[in-house]
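Raw query04.cif, mmCIF, C-alpha atoms:
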data_data
#
loop_
_atom_site.label_atom_id
_atom_site.label_comp_id
_atom_site.auth_asym_id
_atom_site.auth_seq_id
_atom_site.Cartn_x
_atom_site.Cartn_y
_atom_site.Cartn_z
CA MET A 1 -85.92 0.44 109.99
CA GLY A 2 -86.90 1.74 106.51
CA LEU A 3 -83.49 3.40 105.98
CA MET A 4 -81.69 0.16 106.87
CA ARG A 5 -83.80 -1.72 104.33
CA ILE A 6 -82.97 0.84 101.62
CA MET A 7 -79.27 0.61 102.50
CA ASP A 8 -79.47 -3.17 102.26
CA ASN A 9 -81.02 -2.95 98.78
CA VAL A 10 -78.41 -0.42 97.67
CA ARG A 11 -75.57 -2.59 98.95
CA ARG A 12 -77.07 -5.74 97.40
CA ASN A 13 -77.45 -3.98 94.04
CA GLU A 14 -73.84 -2.78 94.18
CA ILE A 15 -72.62 -6.31 94.93
CA VAL A 16 -74.70 -7.75 92.09
CA ALA A 17 -73.36 -5.00 89.78
CA VAL A 18 -69.74 -5.87 90.60
CA VAL A 19 -70.42 -9.58 89.99
CA LEU A 20 -72.11 -8.78 86.66
CA PHE A 21 -69.17 -6.54 85.63
CA ALA A 22 -66.74 -9.37 86.43
CA ILE A 23 -68.78 -11.93 84.47
CA SER A 24 -69.05 -9.53 81.55
CA LEU A 25 -65.31 -8.89 81.51
CA PHE A 26 -64.50 -12.62 81.80
CA ILE A 27 -66.75 -13.51 78.85
CA PHE A 28 -65.40 -10.59 76.81
CA LEU A 29 -61.79 -11.64 77.44
CA SER A 30 -62.69 -15.25 76.62
CA LEU A 31 -64.04 -14.12 73.26
CA VAL A 32 -61.34 -11.58 72.38
CA THR A 33 -58.48 -13.97 73.14
CA PHE A 34 -60.20 -17.08 71.75
CA SER A 35 -57.86 -19.21 69.67
CA GLU A 36 -58.87 -22.36 67.84
CA GLN A 37 -55.35 -23.62 68.50
CA ASP A 38 -56.12 -23.96 72.23
CA LEU A 39 -58.57 -26.86 71.87
CA SER A 40 -58.12 -30.34 70.45
CA PHE A 41 -61.47 -30.48 68.70
CA TYR A 42 -60.37 -27.61 66.43
CA THR A 43 -56.84 -28.82 65.66
CA SER A 44 -54.81 -32.02 65.85
CA THR A 45 -51.90 -30.21 67.59
CA PRO A 46 -53.40 -27.91 70.23
CA ASN A 47 -51.29 -25.46 72.22
CA SER A 48 -49.64 -27.13 75.21
CA SER A 49 -51.18 -24.47 77.45
CA ALA A 50 -54.16 -22.31 76.60
CA GLN A 51 -53.25 -18.95 75.06
CA ASN A 52 -56.62 -17.56 76.10
CA LEU A 53 -56.20 -14.96 78.86
CA THR A 54 -58.99 -16.65 80.82
CA GLY A 55 -57.34 -20.08 80.69
CA LEU A 56 -58.84 -23.38 79.69
CA ILE A 57 -62.31 -22.48 80.98
CA GLY A 58 -62.24 -19.32 78.87
CA SER A 59 -61.06 -21.30 75.86
CA TYR A 60 -64.00 -23.68 76.14
CA LEU A 61 -66.45 -20.86 76.85
CA GLY A 62 -65.19 -18.91 73.83
CA ALA A 63 -65.38 -22.04 71.65
CA ILE A 64 -68.96 -22.81 72.67
CA LEU A 65 -70.12 -19.24 72.12
CA VAL A 66 -68.28 -18.75 68.79
CA PHE A 67 -69.46 -22.13 67.48
CA GLY A 68 -73.04 -21.46 68.59
CA VAL A 69 -73.64 -17.84 67.61
CA GLY A 70 -70.42 -16.61 65.97
CA LYS A 71 -69.58 -12.93 66.36
CA ALA A 72 -72.99 -12.36 67.96
CA ALA A 73 -71.43 -13.78 71.14
CA TYR A 74 -70.13 -10.27 71.85
CA VAL A 75 -73.74 -9.29 72.61
CA ILE A 76 -73.61 -11.39 75.79
CA PRO A 77 -70.94 -9.42 77.68
CA LEU A 78 -72.52 -6.17 76.44
CA LEU A 79 -75.93 -7.13 77.83
CA ILE A 80 -74.43 -8.30 81.12
CA LEU A 81 -72.58 -4.97 81.36
CA ILE A 82 -75.86 -3.11 80.77
CA TRP A 83 -77.53 -5.18 83.49
CA GLY A 84 -74.63 -4.34 85.82
CA VAL A 85 -74.96 -0.61 85.13
CA SER A 86 -78.71 -0.89 85.75
CA ARG A 87 -78.10 -2.51 89.13
CA LEU A 88 -75.42 0.04 89.99
CA THR A 89 -77.88 2.86 89.26
CA GLN A 90 -80.44 1.04 91.43
CA VAL A 91 -82.71 0.03 88.55
CA GLU A 92 -83.85 -3.35 89.75
CA SER A 93 -85.77 -5.80 87.60
CA ASN A 94 -87.46 -8.88 88.91
CA LYS A 95 -88.21 -10.09 85.38
CA VAL A 96 -85.17 -12.35 85.00
CA PHE A 97 -87.12 -14.81 82.86
CA PHE A 98 -87.94 -12.05 80.36
CA LYS A 99 -84.32 -10.89 80.26
CA VAL A 100 -83.10 -14.42 79.50
CA PHE A 101 -85.85 -14.88 76.91
CA GLY A 102 -84.99 -11.52 75.28
CA THR A 103 -81.28 -12.34 75.33
CA ILE A 104 -81.81 -15.65 73.57
CA PHE A 105 -83.88 -14.04 70.83
CA LEU A 106 -81.40 -11.16 70.50
CA LEU A 107 -78.58 -13.68 70.00
CA ILE A 108 -80.64 -15.50 67.37
CA ALA A 109 -81.45 -12.25 65.56
CA VAL A 110 -77.90 -10.87 65.62
CA SER A 111 -76.28 -14.15 64.61
CA SER A 112 -78.81 -14.57 61.79
CA SER A 113 -78.19 -11.05 60.52
CA LEU A 114 -74.43 -11.63 60.58
CA SER A 115 -74.89 -14.85 58.59
CA ILE A 116 -76.98 -13.06 55.96
CA LEU A 117 -74.61 -10.10 55.55
CA GLY A 118 -71.76 -10.08 53.09
CA ASP A 119 -70.32 -13.10 51.33
CA PRO A 120 -73.01 -15.72 50.64
CA SER A 121 -70.66 -18.69 51.10
CA ARG A 122 -71.70 -21.05 53.89
CA THR A 123 -68.22 -21.05 55.42
CA VAL A 124 -68.21 -17.28 55.86
CA ALA A 125 -71.83 -17.29 57.03
CA PHE A 126 -70.97 -19.92 59.65
CA LYS A 127 -67.89 -18.02 60.81
CA LYS A 128 -69.92 -14.82 61.26
CA GLY A 129 -73.16 -16.22 62.70
CA GLY A 130 -72.23 -19.62 64.09
CA LEU A 131 -74.42 -22.68 63.88
CA ILE A 132 -77.60 -20.97 65.07
CA GLY A 133 -77.20 -17.96 62.79
CA THR A 134 -76.52 -20.13 59.77
CA LEU A 135 -79.51 -22.42 60.37
CA VAL A 136 -81.96 -19.61 61.13
CA SER A 137 -80.78 -17.38 58.28
CA ASP A 138 -81.00 -20.27 55.80
CA PHE A 139 -84.57 -20.94 56.95
CA LEU A 140 -85.57 -17.27 56.76
CA LEU A 141 -83.94 -16.74 53.36
CA THR A 142 -85.67 -19.82 51.97
CA TYR A 143 -89.17 -18.81 53.11
CA LEU A 144 -89.05 -14.99 53.30
CA GLY A 145 -86.34 -13.95 50.83
CA LYS A 146 -83.60 -11.48 51.71
CA ALA A 147 -85.89 -8.45 52.17
CA GLY A 148 -88.46 -10.35 54.25
CA ALA A 149 -85.76 -12.00 56.34
CA SER A 150 -84.13 -8.61 56.98
CA VAL A 151 -87.43 -7.06 58.11
CA PHE A 152 -88.14 -10.03 60.37
CA ILE A 153 -84.65 -9.97 61.90
CA ILE A 154 -84.68 -6.19 62.53
CA ALA A 155 -88.09 -6.44 64.21
CA LEU A 156 -86.85 -9.38 66.30
CA MET A 157 -83.74 -7.41 67.33
CA VAL A 158 -85.74 -4.37 68.43
CA LEU A 159 -88.29 -6.46 70.33
CA SER A 160 -85.64 -8.57 72.03
CA ILE A 161 -83.67 -5.47 73.09
CA LEU A 162 -86.84 -4.13 74.69
CA VAL A 163 -87.39 -7.39 76.54
CA ALA A 164 -83.74 -8.04 77.50
CA THR A 165 -83.00 -4.55 78.84
CA GLU A 166 -84.73 -1.68 80.61
CA PHE A 167 -84.59 0.26 77.34
CA LEU A 168 -87.82 1.98 76.24
CA ILE A 169 -88.46 3.31 72.74
CA LEU A 170 -91.21 5.88 73.44
CA PRO A 171 -89.15 8.14 75.75
CA MET A 172 -86.32 8.10 73.23
CA VAL A 173 -88.66 9.04 70.35
CA VAL A 174 -90.22 11.85 72.42
CA GLU A 175 -86.76 13.23 73.30
CA ALA A 176 -85.64 13.01 69.66
CA PHE A 177 -88.80 14.85 68.61
CA LYS A 178 -88.20 17.57 71.22
CA PHE A 179 -84.57 17.88 70.13
CA SER A 180 -85.54 18.20 66.44
CA ARG A 181 -88.01 21.02 67.21
CA ARG A 182 -85.30 23.20 68.82
#
If you convert what's in this file into structure tokens, what do you get?
Amino acid sequence: MGLMRIMDNVRRNEIVAVVLFAISLFIFLSLVTFSEQDLSFYTSTPNSSAQNLTGLIGSYLGAILVFGVGKAAYVIPLLILIWGVSRLTQVESNKVFFKVFGTIFLLIAVSSSLSILGDPSRTVAFKKGGLIGTLVSDFLLTYLGKAGASVFIIALMVLSILVATEFLILPMVVEAFKFSRR
């Protein structure tokens, strides 16, 4: 009976992994092939049929993600891929709430950092970090300055990666220390 239960968990994890891989690939293709010309709220003469490889749904998904968090949207398929690999390797986490919470804060941190980097014009900042990145980075720059905002955002990124994934810092530091002593 115990072996059957293990087999059921293994099979369930493999199924979940395949579903997560498919979702990750769909979102990635939606973002990579996103074209503002596909949707009427970006242009007065939209394409007659969506040029996005994932169709009209992918066009809208790409638009929502790009408008909301800019280039940071690419973090979403990457995290989903990591979750899929974790399930495939039988690393199961029941802390879905923490993963969602960590993902949200990671998106905020990455989009804010992209808005701060480079050209200080609001148009470029919006294109890189989307609405959320622009608003959060403006707030942080106003109250913390560029150095303080950068420290805050880096700390938020590291913490949110720890919460959103199964990644642990201490084992990595120990291995790096062992490697450096060789």
query = Between A:Ile82, A:Val96, A:Val69, A:Val91, which is the closest to Val10 of chain A once you count all atoms listed in the file?
reply =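 Smallest separation from Val10 of chain A among the options: A:Val91.
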Between atom CA of Asn52 of chain A and atom CA of Leu114 of chain A, distance in Å (one decimal) =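 Atom CA of Asn52 of chain A sits 24.4 Å away from atom CA of Leu114 of chain A.
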message = Excluding segment 21-33 of chain A and its own-chain neighbours fewer than 2 positions away, which residues fall within 9 Å of it when counting all atoms listed in the file? Please give them as a ChimeraX atom specification.
response = /A:16-19,35,51-55,57-63,65-66,71,73-74,76-85
Same residues, C-alpha atoms, saved as an mmCIF file, in the coordinates of the input:
data_model
loop_
_atom_site.group_PDB
_atom_site.id
_atom_site.type_symbol
_atom_site.label_atom_id
_atom_site.label_comp_id
_atom_site.auth_asym_id
_atom_site.auth_seq_id
_atom_site.Cartn_x
_atom_site.Cartn_y
_atom_site.Cartn_z
ATOM 1 C CA VAL A 16 -74.700 -7.750 92.090
ATOM 2 C CA ALA A 17 -73.360 -5.000 89.780
ATOM 3 C CA VAL A 18 -69.740 -5.870 90.600
ATOM 4 C CA VAL A 19 -70.420 -9.580 89.990
ATOM 5 C CA SER A 35 -57.860 -19.210 69.670
ATOM 6 C CA GLN A 51 -53.250 -18.950 75.060
ATOM 7 C CA ASN A 52 -56.620 -17.560 76.100
ATOM 8 C CA LEU A 53 -56.200 -14.960 78.860
ATOM 9 C CA THR A 54 -58.990 -16.650 80.820
ATOM 10 C CA GLY A 55 -57.340 -20.080 80.690
ATOM 11 C CA ILE A 57 -62.310 -22.480 80.980
ATOM 12 C CA GLY A 58 -62.240 -19.320 78.870
ATOM 13 C CA SER A 59 -61.060 -21.300 75.860
ATOM 14 C CA TYR A 60 -64.000 -23.680 76.140
ATOM 15 C CA LEU A 61 -66.450 -20.860 76.850
ATOM 16 C CA GLY A 62 -65.190 -18.910 73.830
ATOM 17 C CA ALA A 63 -65.380 -22.040 71.650
ATOM 18 C CA LEU A 65 -70.120 -19.240 72.120
ATOM 19 C CA VAL A 66 -68.280 -18.750 68.790
ATOM 20 C CA LYS A 71 -69.580 -12.930 66.360
ATOM 21 C CA ALA A 73 -71.430 -13.780 71.140
ATOM 22 C CA TYR A 74 -70.130 -10.270 71.850
ATOM 23 C CA ILE A 76 -73.610 -11.390 75.790
ATOM 24 C CA PRO A 77 -70.940 -9.420 77.680
ATOM 25 C CA LEU A 78 -72.520 -6.170 76.440
ATOM 26 C CA LEU A 79 -75.930 -7.130 77.830
ATOM 27 C CA ILE A 80 -74.430 -8.300 81.120
ATOM 28 C CA LEU A 81 -72.580 -4.970 81.360
ATOM 29 C CA ILE A 82 -75.860 -3.110 80.770
ATOM 30 C CA TRP A 83 -77.530 -5.180 83.490
ATOM 31 C CA GLY A 84 -74.630 -4.340 85.820
ATOM 32 C CA VAL A 85 -74.960 -0.610 85.130
#
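When all atoms listed in the file are used to measure the gap to Leu117 of chain A, the shortest distance among A:Leu144, A:Leu131, A:Leu162, A:Ile153 belongs to A:Ile153.
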query = Could you work out how far atom CA of Asp138 of chain A lies from atom CA of Val100 of chain A, giving the answer in Å with one decimal?
reply = 24.5 Å
query = How many Å separate atom CA of Leu107 of chain A from atom CA of Thr142 of chain A?
reply =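 Atom CA of Leu107 of chain A sits 20.3 Å away from atom CA of Thr142 of chain A.
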Box for segment 54-66 of chain A: with edges along x, y and z, all listed atoms inside and 8 Å added on each side, what are the centre and edge lengths in Å to one decimal, as lines of an AutoDock Vina configuration file?
center_x = -63.7
center_y = -20.2
center_z = 74.9
size_x = 28.8
size_y = 23.0
size_z = 28.2
message = When the PyMOL selection byres ((chain A and resi 164) around 9) is applied to the structure above, which residues does it catch, written out as number ranges by chain?
response = A: 79, 96, 98-106, 159-163, 165-167
request  = Extract, using all atoms listed in the file, all DNA, RNA and protein residues at most 12 Å from Ser137 of chain A, discarding same-chain residues fewer than 4 positions from it, and format them as a ChimeraX atom specification.
outcome  = /A:69,108-117,120,122,125-126,128-133,141-150,152-153
task = Go through A:Ala155, A:Leu56, A:Gly70, A:Val174 one by one, measure the shortest atom-to-atom distance of each to Gln37 of chain A using only C-alpha atoms, and give the residue with the smallest value.
result =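 The answer is A:Leu56, which sits nearest to Gln37 of chain A.
For the choices A:Glu36, A:Phe139, A:Met157, A:Ser86, the atom-to-atom distance to Ala72 of chain A is smallest for A:Met157 when using only C-alpha atoms.
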Save segment 141-168 of chain A of the structure in the block above to a file, with N, CA, C and O atoms included, as a compact mmCIF listing (two decimals), in the first residue's frame.
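What landed in result-v6.txt:
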# COMPACT_ATOMS: atom_id res chain seq x y z
N LEU A 141 12.53 56.37 -4.91
CA LEU A 141 13.51 57.41 -5.23
C LEU A 141 13.22 58.70 -4.48
O LEU A 141 14.14 59.38 -4.02
N THR A 142 11.96 59.03 -4.33
CA THR A 142 11.57 60.25 -3.62
C THR A 142 11.95 60.18 -2.14
O THR A 142 12.47 61.15 -1.59
N TYR A 143 11.72 59.03 -1.50
CA TYR A 143 11.91 58.95 -0.06
C TYR A 143 13.22 58.31 0.37
O TYR A 143 13.66 58.51 1.51
N LEU A 144 13.88 57.54 -0.50
CA LEU A 144 15.12 56.87 -0.11
C LEU A 144 16.33 57.30 -0.93
O LEU A 144 17.45 56.96 -0.58
N GLY A 145 16.11 58.00 -2.03
CA GLY A 145 17.22 58.33 -2.93
C GLY A 145 17.62 57.11 -3.73
O GLY A 145 17.14 56.00 -3.50
N LYS A 146 18.52 57.29 -4.69
CA LYS A 146 18.89 56.19 -5.58
C LYS A 146 19.61 55.06 -4.84
O LYS A 146 19.32 53.89 -5.05
N ALA A 147 20.56 55.42 -3.96
CA ALA A 147 21.30 54.39 -3.22
C ALA A 147 20.38 53.62 -2.27
O ALA A 147 20.41 52.38 -2.23
N GLY A 148 19.56 54.34 -1.52
CA GLY A 148 18.65 53.68 -0.58
C GLY A 148 17.62 52.82 -1.29
O GLY A 148 17.31 51.70 -0.85
N ALA A 149 17.10 53.33 -2.41
CA ALA A 149 16.13 52.56 -3.19
C ALA A 149 16.78 51.29 -3.73
O ALA A 149 16.16 50.22 -3.72
N SER A 150 18.02 51.40 -4.19
CA SER A 150 18.73 50.22 -4.72
C SER A 150 18.94 49.16 -3.65
O SER A 150 18.72 47.97 -3.89
N VAL A 151 19.36 49.59 -2.46
CA VAL A 151 19.55 48.65 -1.35
C VAL A 151 18.23 47.97 -1.00
O VAL A 151 18.16 46.75 -0.83
N PHE A 152 17.18 48.75 -0.90
CA PHE A 152 15.85 48.22 -0.57
C PHE A 152 15.39 47.21 -1.62
O PHE A 152 14.90 46.13 -1.28
N ILE A 153 15.55 47.56 -2.89
CA ILE A 153 15.09 46.69 -3.97
C ILE A 153 15.89 45.39 -4.02
O ILE A 153 15.33 44.31 -4.20
N ILE A 154 17.21 45.46 -3.84
CA ILE A 154 18.04 44.25 -3.85
C ILE A 154 17.65 43.33 -2.70
O ILE A 154 17.50 42.12 -2.88
N ALA A 155 17.46 43.91 -1.51
CA ALA A 155 17.03 43.11 -0.36
C ALA A 155 15.67 42.47 -0.63
O ALA A 155 15.45 41.29 -0.32
N LEU A 156 14.75 43.23 -1.21
CA LEU A 156 13.42 42.71 -1.53
C LEU A 156 13.51 41.58 -2.56
O LEU A 156 12.81 40.57 -2.44
N MET A 157 14.39 41.72 -3.55
CA MET A 157 14.57 40.66 -4.55
C MET A 157 15.07 39.38 -3.91
O MET A 157 14.52 38.30 -4.15
N VAL A 158 16.11 39.49 -3.09
CA VAL A 158 16.68 38.30 -2.45
C VAL A 158 15.64 37.63 -1.55
O VAL A 158 15.45 36.41 -1.61
N LEU A 159 14.96 38.41 -0.73
CA LEU A 159 13.95 37.84 0.16
C LEU A 159 12.81 37.20 -0.61
O LEU A 159 12.33 36.12 -0.24
N SER A 160 12.37 37.84 -1.67
CA SER A 160 11.24 37.28 -2.42
C SER A 160 11.64 36.03 -3.20
O SER A 160 10.82 35.13 -3.36
N ILE A 161 12.89 35.95 -3.65
CA ILE A 161 13.36 34.71 -4.29
C ILE A 161 13.35 33.57 -3.28
O ILE A 161 12.95 32.45 -3.60
N LEU A 162 13.78 33.86 -2.07
CA LEU A 162 13.76 32.82 -1.02
C LEU A 162 12.35 32.34 -0.73
O LEU A 162 12.13 31.16 -0.50
N VAL A 163 11.40 33.26 -0.72
CA VAL A 163 10.01 32.90 -0.42
C VAL A 163 9.34 32.22 -1.61
O VAL A 163 8.58 31.27 -1.45
N ALA A 164 9.62 32.69 -2.83
CA ALA A 164 8.92 32.20 -4.02
C ALA A 164 9.44 30.85 -4.52
O ALA A 164 8.76 30.17 -5.27
N THR A 165 10.67 30.49 -4.14
CA THR A 165 11.26 29.25 -4.64
C THR A 165 11.73 28.40 -3.47
O THR A 165 11.62 28.79 -2.31
N GLU A 166 12.30 27.27 -3.79
CA GLU A 166 12.88 26.38 -2.77
C GLU A 166 14.36 26.69 -2.56
O GLU A 166 15.08 25.94 -1.94
N PHE A 167 14.80 27.81 -3.10
CA PHE A 167 16.20 28.22 -3.06
C PHE A 167 16.60 28.59 -1.63
O PHE A 167 15.87 29.30 -0.95
N LEU A 168 17.77 28.14 -1.19
CA LEU A 168 18.28 28.48 0.13
C LEU A 168 19.67 29.10 -0.01
O LEU A 168 20.50 28.60 -0.77
